[in-house]
Amino acid sequence: MSAHCMLTGAQPGFGNRISHSHRRTSRRFDPNIQSKRYWLPGEGRYVRLRLSARAVKTVDTIGIEAAVARIRARGVRV
């Protein structure tokens, strides 16, 4: 479960590697997960979130309070 984004729910996708001879083998497309620490002023503490790079930009846009509310609405403990 380490390759999941807490905000967007992004998770690995699966597909095939295709070699020059066109042989197919399984591969995994992992999201760009980053661990980031944010100050949560409403609770007076820091929270550490595991977010995809796209979700980090979303937090910058909507704010950390709204992002944490969305994460909790998904049922993830923060």
# chains A, B, ... in the order shown; residues from 1 in each chain; ligands from 1
>>> residues_around(residues="Arg54 of chain A", least_positions_apart="2", cutoff="10 Å", atoms="only C-alpha atoms", output="PyMOL selection string")
chain A and resi 5+7-8+10+31-33+51-52+56-59
>>> write_last_selection(atoms="all heavy atoms", output="PDB file, in the first residue's frame")
ATOM      1  N   CYS A   5      -1.655   7.525  -3.041  1.00  0.00           N
ATOM      2  CA  CYS A   5      -1.757   8.925  -2.656  1.00  0.00           C
ATOM      3  C   CYS A   5      -2.930   9.077  -1.689  1.00  0.00           C
ATOM      4  O   CYS A   5      -4.022   8.577  -1.946  1.00  0.00           O
ATOM      5  CB  CYS A   5      -1.964   9.800  -3.888  1.00  0.00           C
ATOM      6  SG  CYS A   5      -2.229  11.530  -3.486  1.00  0.00           S
ATOM      7  N   LEU A   7      -4.548  11.846  -0.918  1.00  0.00           N
ATOM      8  CA  LEU A   7      -5.538  12.833  -1.350  1.00  0.00           C
ATOM      9  C   LEU A   7      -6.293  12.393  -2.596  1.00  0.00           C
ATOM     10  O   LEU A   7      -7.522  12.387  -2.607  1.00  0.00           O
ATOM     11  CB  LEU A   7      -4.850  14.180  -1.606  1.00  0.00           C
ATOM     12  CG  LEU A   7      -5.732  15.332  -2.073  1.00  0.00           C
ATOM     13  CD1 LEU A   7      -6.802  15.645  -1.042  1.00  0.00           C
ATOM     14  CD2 LEU A   7      -4.898  16.559  -2.356  1.00  0.00           C
ATOM     15  N   THR A   8      -5.580  12.008  -3.630  1.00  0.00           N
ATOM     16  CA  THR A   8      -6.236  11.681  -4.900  1.00  0.00           C
ATOM     17  C   THR A   8      -6.555  10.202  -5.039  1.00  0.00           C
ATOM     18  O   THR A   8      -7.343   9.822  -5.904  1.00  0.00           O
ATOM     19  CB  THR A   8      -5.356  12.096  -6.088  1.00  0.00           C
ATOM     20  OG1 THR A   8      -4.139  11.353  -6.038  1.00  0.00           O
ATOM     21  CG2 THR A   8      -5.066  13.574  -6.062  1.00  0.00           C
ATOM     22  N   ALA A  10      -4.448   8.021  -6.062  1.00  0.00           N
ATOM     23  CA  ALA A  10      -3.656   7.473  -7.170  1.00  0.00           C
ATOM     24  C   ALA A  10      -2.935   6.217  -6.700  1.00  0.00           C
ATOM     25  O   ALA A  10      -2.378   6.180  -5.601  1.00  0.00           O
ATOM     26  CB  ALA A  10      -2.651   8.504  -7.662  1.00  0.00           C
ATOM     27  N   PRO A  31       2.773   5.823  -9.238  1.00  0.00           N
ATOM     28  CA  PRO A  31       2.611   7.276  -9.155  1.00  0.00           C
ATOM     29  C   PRO A  31       3.812   7.893  -8.439  1.00  0.00           C
ATOM     30  O   PRO A  31       4.510   7.217  -7.678  1.00  0.00           O
ATOM     31  CB  PRO A  31       1.333   7.453  -8.344  1.00  0.00           C
ATOM     32  CG  PRO A  31       1.182   6.196  -7.581  1.00  0.00           C
ATOM     33  CD  PRO A  31       1.819   5.114  -8.401  1.00  0.00           C
ATOM     34  N   ASN A  32       4.047   9.164  -8.688  1.00  0.00           N
ATOM     35  CA  ASN A  32       5.181   9.876  -8.095  1.00  0.00           C
ATOM     36  C   ASN A  32       4.808  10.300  -6.670  1.00  0.00           C
ATOM     37  O   ASN A  32       4.348  11.407  -6.429  1.00  0.00           O
ATOM     38  CB  ASN A  32       5.510  11.090  -8.971  1.00  0.00           C
ATOM     39  CG  ASN A  32       6.740  11.814  -8.500  1.00  0.00           C
ATOM     40  OD1 ASN A  32       7.420  11.374  -7.592  1.00  0.00           O
ATOM     41  ND2 ASN A  32       7.023  12.954  -9.108  1.00  0.00           N
ATOM     42  N   ILE A  33       4.998   9.384  -5.705  1.00  0.00           N
ATOM     43  CA  ILE A  33       4.595   9.614  -4.317  1.00  0.00           C
ATOM     44  C   ILE A  33       5.720  10.296  -3.553  1.00  0.00           C
ATOM     45  O   ILE A  33       6.868   9.848  -3.583  1.00  0.00           O
ATOM     46  CB  ILE A  33       4.227   8.280  -3.637  1.00  0.00           C
ATOM     47  CG1 ILE A  33       3.055   7.616  -4.344  1.00  0.00           C
ATOM     48  CG2 ILE A  33       3.926   8.489  -2.156  1.00  0.00           C
ATOM     49  CD1 ILE A  33       1.751   8.333  -4.224  1.00  0.00           C
ATOM     50  N   LEU A  51       1.754  12.042  -0.617  1.00  0.00           N
ATOM     51  CA  LEU A  51       0.993  12.609  -1.718  1.00  0.00           C
ATOM     52  C   LEU A  51       1.707  12.395  -3.036  1.00  0.00           C
ATOM     53  O   LEU A  51       2.930  12.360  -3.093  1.00  0.00           O
ATOM     54  CB  LEU A  51       0.802  14.119  -1.508  1.00  0.00           C
ATOM     55  CG  LEU A  51       0.132  14.561  -0.220  1.00  0.00           C
ATOM     56  CD1 LEU A  51       0.200  16.067  -0.098  1.00  0.00           C
ATOM     57  CD2 LEU A  51      -1.297  14.087  -0.177  1.00  0.00           C
ATOM     58  N   SER A  52       0.928  12.306  -4.105  1.00  0.00           N
ATOM     59  CA  SER A  52       1.512  12.309  -5.438  1.00  0.00           C
ATOM     60  C   SER A  52       1.940  13.740  -5.757  1.00  0.00           C
ATOM     61  O   SER A  52       1.482  14.701  -5.121  1.00  0.00           O
ATOM     62  CB  SER A  52       0.500  11.810  -6.470  1.00  0.00           C
ATOM     63  OG  SER A  52      -0.606  12.676  -6.528  1.00  0.00           O
ATOM     64  N   VAL A  56       0.347  17.436  -4.428  1.00  0.00           N
ATOM     65  CA  VAL A  56       1.075  18.519  -3.756  1.00  0.00           C
ATOM     66  C   VAL A  56       0.659  19.854  -4.368  1.00  0.00           C
ATOM     67  O   VAL A  56       0.435  20.837  -3.666  1.00  0.00           O
ATOM     68  CB  VAL A  56       2.605  18.302  -3.866  1.00  0.00           C
ATOM     69  CG1 VAL A  56       3.361  19.517  -3.379  1.00  0.00           C
ATOM     70  CG2 VAL A  56       3.023  17.074  -3.076  1.00  0.00           C
ATOM     71  N   LYS A  57       0.526  19.891  -5.693  1.00  0.00           N
ATOM     72  CA  LYS A  57       0.071  21.115  -6.362  1.00  0.00           C
ATOM     73  C   LYS A  57      -1.372  21.435  -5.981  1.00  0.00           C
ATOM     74  O   LYS A  57      -1.733  22.600  -5.828  1.00  0.00           O
ATOM     75  CB  LYS A  57       0.187  20.957  -7.876  1.00  0.00           C
ATOM     76  CG  LYS A  57       1.606  20.807  -8.358  1.00  0.00           C
ATOM     77  CD  LYS A  57       1.637  20.535  -9.846  1.00  0.00           C
ATOM     78  CE  LYS A  57       3.044  20.182 -10.293  1.00  0.00           C
ATOM     79  NZ  LYS A  57       3.092  19.810 -11.703  1.00  0.00           N
ATOM     80  N   THR A  58      -2.203  20.407  -5.805  1.00  0.00           N
ATOM     81  CA  THR A  58      -3.589  20.615  -5.393  1.00  0.00           C
ATOM     82  C   THR A  58      -3.645  21.221  -4.001  1.00  0.00           C
ATOM     83  O   THR A  58      -4.430  22.143  -3.749  1.00  0.00           O
ATOM     84  CB  THR A  58      -4.357  19.282  -5.429  1.00  0.00           C
ATOM     85  OG1 THR A  58      -4.288  18.740  -6.742  1.00  0.00           O
ATOM     86  CG2 THR A  58      -5.803  19.469  -5.029  1.00  0.00           C
ATOM     87  N   VAL A  59      -2.805  20.746  -3.086  1.00  0.00           N
ATOM     88  CA  VAL A  59      -2.760  21.296  -1.735  1.00  0.00           C
ATOM     89  C   VAL A  59      -2.342  22.767  -1.791  1.00  0.00           C
ATOM     90  O   VAL A  59      -2.891  23.609  -1.070  1.00  0.00           O
ATOM     91  CB  VAL A  59      -1.814  20.481  -0.831  1.00  0.00           C
ATOM     92  CG1 VAL A  59      -1.582  21.185   0.500  1.00  0.00           C
ATOM     93  CG2 VAL A  59      -2.368  19.089  -0.593  1.00  0.00           C
TER      94      VAL A  59
END
>>> residues_around(residues="Arg17 of chain A", least_positions_apart="5", cutoff="6 Å", atoms="only C-alpha atoms", output="list in words")
Arg24, Thr25 and Arg27 of chain A
>>> atom_distance(atom1="atom CA of Ile18 of chain A", atom2="atom CA of His4 of chain A")
25.6 Å
>>> closest_residue(among="A:Arg28, A:Lys36, A:Arg70, A:Arg45", to="Pro12 of chain A", atoms="only C-alpha atoms")
A:Arg28
>>> atom_distance(atom1="atom CA of Arg77 of chain A", atom2="atom CA of Arg37 of chain A")
15.1 Å
>>> atom_distance(atom1="atom CA of Asp30 of chain A", atom2="atom CA of Ile64 of chain A")
24.4 Å
>>> select_by_dssp(residues="chain A", states="alpha helix (DSSP H)", output="CSV table (one decimal) with N, CA and C atoms, in the first residue's frame")
chain,number,residue,atom,x,y,z
A,53,ALA,N,2.8,13.9,-6.7
A,53,ALA,CA,3.3,15.2,-7.1
A,53,ALA,C,2.1,16.1,-7.6
A,54,ARG,N,1.1,15.6,-8.2
A,54,ARG,CA,-0.1,16.3,-8.6
A,54,ARG,C,-0.9,16.8,-7.4
A,55,ALA,N,-0.9,15.9,-6.4
A,55,ALA,CA,-1.7,16.3,-5.2
A,55,ALA,C,-1.0,17.4,-4.4
A,56,VAL,N,0.3,17.4,-4.4
A,56,VAL,CA,1.1,18.5,-3.8
A,56,VAL,C,0.7,19.9,-4.4
A,57,LYS,N,0.5,19.9,-5.7
A,57,LYS,CA,0.1,21.1,-6.4
A,57,LYS,C,-1.4,21.4,-6.0
A,58,THR,N,-2.2,20.4,-5.8
A,58,THR,CA,-3.6,20.6,-5.4
A,58,THR,C,-3.6,21.2,-4.0
A,59,VAL,N,-2.8,20.7,-3.1
A,59,VAL,CA,-2.8,21.3,-1.7
A,59,VAL,C,-2.3,22.8,-1.8
A,60,ASP,N,-1.4,23.1,-2.6
A,60,ASP,CA,-1.0,24.5,-2.8
A,60,ASP,C,-2.1,25.4,-3.3
A,61,THR,N,-3.0,24.8,-4.1
A,61,THR,CA,-4.1,25.6,-4.6
A,61,THR,C,-5.3,25.7,-3.7
A,62,ILE,N,-5.7,24.6,-3.1
A,62,ILE,CA,-6.9,24.6,-2.2
A,62,ILE,C,-6.6,24.9,-0.7
A,64,ILE,N,-4.2,23.6,2.9
A,64,ILE,CA,-4.0,22.3,3.7
A,64,ILE,C,-5.3,21.9,4.4
A,65,GLU,N,-6.1,22.9,5.0
A,65,GLU,CA,-7.3,22.6,5.7
A,65,GLU,C,-8.3,21.9,4.8
A,66,ALA,N,-8.5,22.4,3.6
A,66,ALA,CA,-9.5,21.8,2.7
A,66,ALA,C,-9.0,20.4,2.2
A,67,ALA,N,-7.6,20.3,2.0
A,67,ALA,CA,-7.1,19.0,1.6
A,67,ALA,C,-7.2,17.9,2.7
A,68,VAL,N,-7.0,18.3,3.9
A,68,VAL,CA,-7.2,17.3,5.0
A,68,VAL,C,-8.6,16.9,5.2
A,69,ALA,N,-9.5,17.9,4.9
A,69,ALA,CA,-11.0,17.6,5.0
A,69,ALA,C,-11.3,16.5,3.9
A,70,ARG,N,-10.7,16.7,2.7
A,70,ARG,CA,-11.0,15.7,1.6
A,70,ARG,C,-10.4,14.4,1.9
A,71,ILE,N,-9.2,14.4,2.5
A,71,ILE,CA,-8.6,13.1,2.9
A,71,ILE,C,-9.4,12.4,3.9
A,72,ARG,N,-9.9,13.1,4.9
A,72,ARG,CA,-10.7,12.5,6.0
A,72,ARG,C,-12.1,12.0,5.4
A,73,ALA,N,-12.6,12.7,4.4
A,73,ALA,CA,-13.8,12.3,3.7
A,73,ALA,C,-13.7,11.0,3.0
>>> select_by_dssp(residues="chain A", states="strand (DSSP E or B)", output="list in words")
Gly13, Phe14, Gly15, Asn16, Arg17, Ile18, Arg24, Thr25, Ser26, Arg27, Arg28, Phe29, Ile33, Gln34, Ser35, Lys36, Arg37, Tyr38, Trp39, Leu40, Arg45, Tyr46, Val47, Arg48, Leu49, Arg50, Leu51 and Ser52 of chain A
>>> write_last_selection(atoms="C-alpha atoms", output="short mmCIF file (atom, residue, chain, number, x, y, z; two decimals), in the first residue's frame")
data_model
loop_
_atom_site.label_atom_id
_atom_site.label_comp_id
_atom_site.auth_asym_id
_atom_site.auth_seq_id
_atom_site.Cartn_x
_atom_site.Cartn_y
_atom_site.Cartn_z
CA GLY A 13 -1.27 0.98 -12.91
CA PHE A 14 -0.25 -2.20 -14.65
CA GLY A 15 0.74 -2.92 -18.21
CA ASN A 16 3.38 -4.58 -20.36
CA ARG A 17 6.96 -3.87 -21.26
CA ILE A 18 7.39 -4.50 -24.95
CA ARG A 24 5.65 -8.71 -23.53
CA THR A 25 6.45 -8.85 -19.82
CA SER A 26 4.52 -7.35 -16.92
CA ARG A 27 5.42 -3.96 -15.51
CA ARG A 28 4.03 -1.46 -13.04
CA PHE A 29 3.43 2.29 -13.48
CA ILE A 33 4.59 9.61 -4.32
CA GLN A 34 6.32 12.14 -2.05
CA SER A 35 6.23 12.37 1.73
CA LYS A 36 5.52 15.94 2.80
CA ARG A 37 5.02 17.62 6.18
CA TYR A 38 2.44 20.41 6.53
CA TRP A 39 1.53 22.65 9.45
CA LEU A 40 -2.16 22.23 10.26
CA ARG A 45 0.30 20.37 14.82
CA TYR A 46 2.21 19.05 11.85
CA VAL A 47 0.83 16.28 9.67
CA ARG A 48 2.91 14.09 7.41
CA LEU A 49 1.13 13.18 4.18
CA ARG A 50 2.09 10.76 1.41
CA LEU A 51 0.99 12.61 -1.72
CA SER A 52 1.51 12.31 -5.44
#
